[in-house]
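Inspection log for the structure reproduced underneath, given as structure tokens.
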Amino acid sequence: MLETVKHVVAVASGKGGVGKSTVTVNLALAMAAQGHRVGLLDADIYGPSQAQMLGIKPGTRPTMVDDKTMKPIEAHGLKMMSMAVLVDTETAMVWRGPMVAGAFQQLLTQTGWGELDYLFIDMPPGTGDIQLTLSQQVPVSGSVIVTTPQDIALLDARKGIEMFRKVNVPVLGVVENMSTHVCSNCGHEEAVFGEGGGARIAAQYDTEVLGRLPLTMNIREQVDGGHPTVVADPESDAARTFMAISARIDEQLGGKARESGPSISFGD
């Protein structure tokens, strides 16, 4: 079902807790706000979060188009698919790697995405089965690396970049999240996680910093409430940054259709 998708963009981080899912949903919404047809796949099988971030009610389930094809859930103008709409919220996915990779393939290829300009994939942390499955079996137009300026986060972000380079997936750039902390009371801004980390890693790998985002309570409250910043507060500085990043991604890809890649096989 990917034949009608022009561009697949993987949003990844080597480390959890850097705000990757928040960045992903806002980039997808920003791309849609600029007139593109956009889908969002939550590839975190163990800890899916996009359903809550998009305000999808617990218990919502996709309908079936036919025996093998699910209709994606629509929210805020996006088409979304996630394990969160296939299992109960309290269900723990106690699966080994091959089962996780198989579930990811089904979410990706058995969803009727329809005509899309962009499909954003919110990747799980690390460089494991899902990352390899995506990069080896799906023609990915490019990847975006999310990190904080903190040295520990940068170590893992480098691993993510190295993985994409080894499988010939272009790294479109780095998003430095939590670049500074903005006090909700006085507006004081402080680089609590250090400074310049995103720029250093971008320079090391000959890519660019797509944008820097602050650590603020508003961004967290908005995604927790199911109305991410781009739709909740479109005139905010953060929303403008998300819009600028998505515009830069679109500029880099230039509207070019994906090159044909290897077909996806589920095996025997």
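To be explicit about the labels: the chains of the structure tokens are called A, B, and onward in the order shown, and within each one the residues are counted from 1, while ligands get numbers from 1 in the order they are shown.
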
Tell me, as a list in words, which residues lie within 7 Å of Val209 of chain A, counting only C-alpha atoms; anything in the same chain fewer than 2 positions away does not count.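 Listing them by chain and then by number gives Gly173, Val174, Val175, Gly198, Ala199, Ala202 and Gly211 of chain A.
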
From a DSSP pass on the backbone, collect the residues of segment 67-173 of chain A flagged as alpha helix (DSSP H) and hand them back as a ChimeraX atom specification. /A:97-109,129-137,151-166

Mind running segment 201-245 of chain A against segment 70-76 of chain A at 12 Å and telling me each contacting residue's nearest atom pair with the distance in Å (one decimal), counting only C-alpha atoms, chain and number ascending, as a tab-separated table?
```
residue	atom	partner	partner_atom	distance
A:Gly226	CA	A:Ala75	CA	9.7
A:His227	CA	A:His76	CA	8.4
A:Pro228	CA	A:His76	CA	9.5
A:Thr229	CA	A:His76	CA	11.8
A:Val230	CA	A:His76	CA	10.2
A:Val231	CA	A:His76	CA	7.8
A:Ala232	CA	A:His76	CA	10.5
```

For N, CA and C atoms, I'd like the residues from the last selection saved as a PDB file, in the first residue's frame.
```pdb
ATOM      1  N   GLY A 226      -3.847  16.097  23.448  1.00  0.00           N
ATOM      2  CA  GLY A 226      -4.340  15.688  22.141  1.00  0.00           C
ATOM      3  C   GLY A 226      -4.438  16.798  21.113  1.00  0.00           C
ATOM      4  N   HIS A 227      -3.834  17.955  21.411  1.00  0.00           N
ATOM      5  CA  HIS A 227      -3.823  19.079  20.473  1.00  0.00           C
ATOM      6  C   HIS A 227      -2.392  19.618  20.399  1.00  0.00           C
ATOM      7  N   PRO A 228      -1.551  19.000  19.555  1.00  0.00           N
ATOM      8  CA  PRO A 228      -0.154  19.431  19.464  1.00  0.00           C
ATOM      9  C   PRO A 228      -0.021  20.903  19.097  1.00  0.00           C
ATOM     10  N   THR A 229       1.133  21.440  19.354  1.00  0.00           N
ATOM     11  CA  THR A 229       1.389  22.878  19.260  1.00  0.00           C
ATOM     12  C   THR A 229       0.974  23.485  17.927  1.00  0.00           C
ATOM     13  N   VAL A 230       1.238  22.800  16.833  1.00  0.00           N
ATOM     14  CA  VAL A 230       0.946  23.361  15.506  1.00  0.00           C
ATOM     15  C   VAL A 230      -0.538  23.642  15.330  1.00  0.00           C
ATOM     16  N   VAL A 231      -1.414  22.824  15.965  1.00  0.00           N
ATOM     17  CA  VAL A 231      -2.854  23.085  15.861  1.00  0.00           C
ATOM     18  C   VAL A 231      -3.372  23.863  17.060  1.00  0.00           C
ATOM     19  N   ALA A 232      -2.734  23.697  18.213  1.00  0.00           N
ATOM     20  CA  ALA A 232      -3.218  24.362  19.423  1.00  0.00           C
ATOM     21  C   ALA A 232      -2.819  25.823  19.474  1.00  0.00           C
TER      22      ALA A 232
END
```

Long-range neighbours of segment 78-87 of chain A as JSON, numbers by chain, 10 Å cut-off, only C-alpha atoms, 3 positions minimum in chain: {"A": [25, 28, 29, 31, 32, 36, 37, 38, 39, 40, 41, 42, 43, 44, 45, 46, 47, 48, 49, 50, 51, 52, 54, 56, 57, 58, 59, 60, 61, 62, 70, 71, 72, 73, 74, 75, 90, 91, 92, 93, 103, 104, 107, 108, 111, 112, 113, 114, 116, 119, 120, 121, 122]}

Please give the complete set of residues from segment 23-66 of chain A that DSSP, run on the backbone, assigns to strand (DSSP E or B), formatted as a list in words.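 Secondary structure check on segment 23-66 of chain A, strand (DSSP E or B): Val38, Gly39, Leu40, Leu41, Asp42 and Met64 of chain A.
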
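Residue nearest Leu155 of chain A within the list A:Ser246, A:Gln110, A:Ser13, A:Ser141: A:Ser13 [criterion: smallest interatomic distance, only C-alpha atoms].
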
Need the shell around Val171 of chain A: protein/DNA/RNA residues with any atom at most 8 Å away, counting only C-alpha atoms. Skip same-chain ones fewer than 5 positions apart. Format as a PyMOL selection string? chain A and resi 142-145+161+164-165+207

Neighbours of Pro98 of chain A within 8 Å (only C-alpha atoms; same-chain residues fewer than 3 positions away dropped), as a PyMOL selection string? chain A and resi 101-102+129

Work out how far apart atom CA of Ile245 of chain A and atom CA of Gln204 of chain A are and give it in Å to one decimal.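 Atom-to-atom, atom CA of Ile245 of chain A and atom CA of Gln204 of chain A are spaced 20.2 Å apart.
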
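Residue nearest Gly197 of chain A, chosen from A:Pro149, A:Gly225, A:Gly126, A:Pro170 and counting only C-alpha atoms: A:Pro149.
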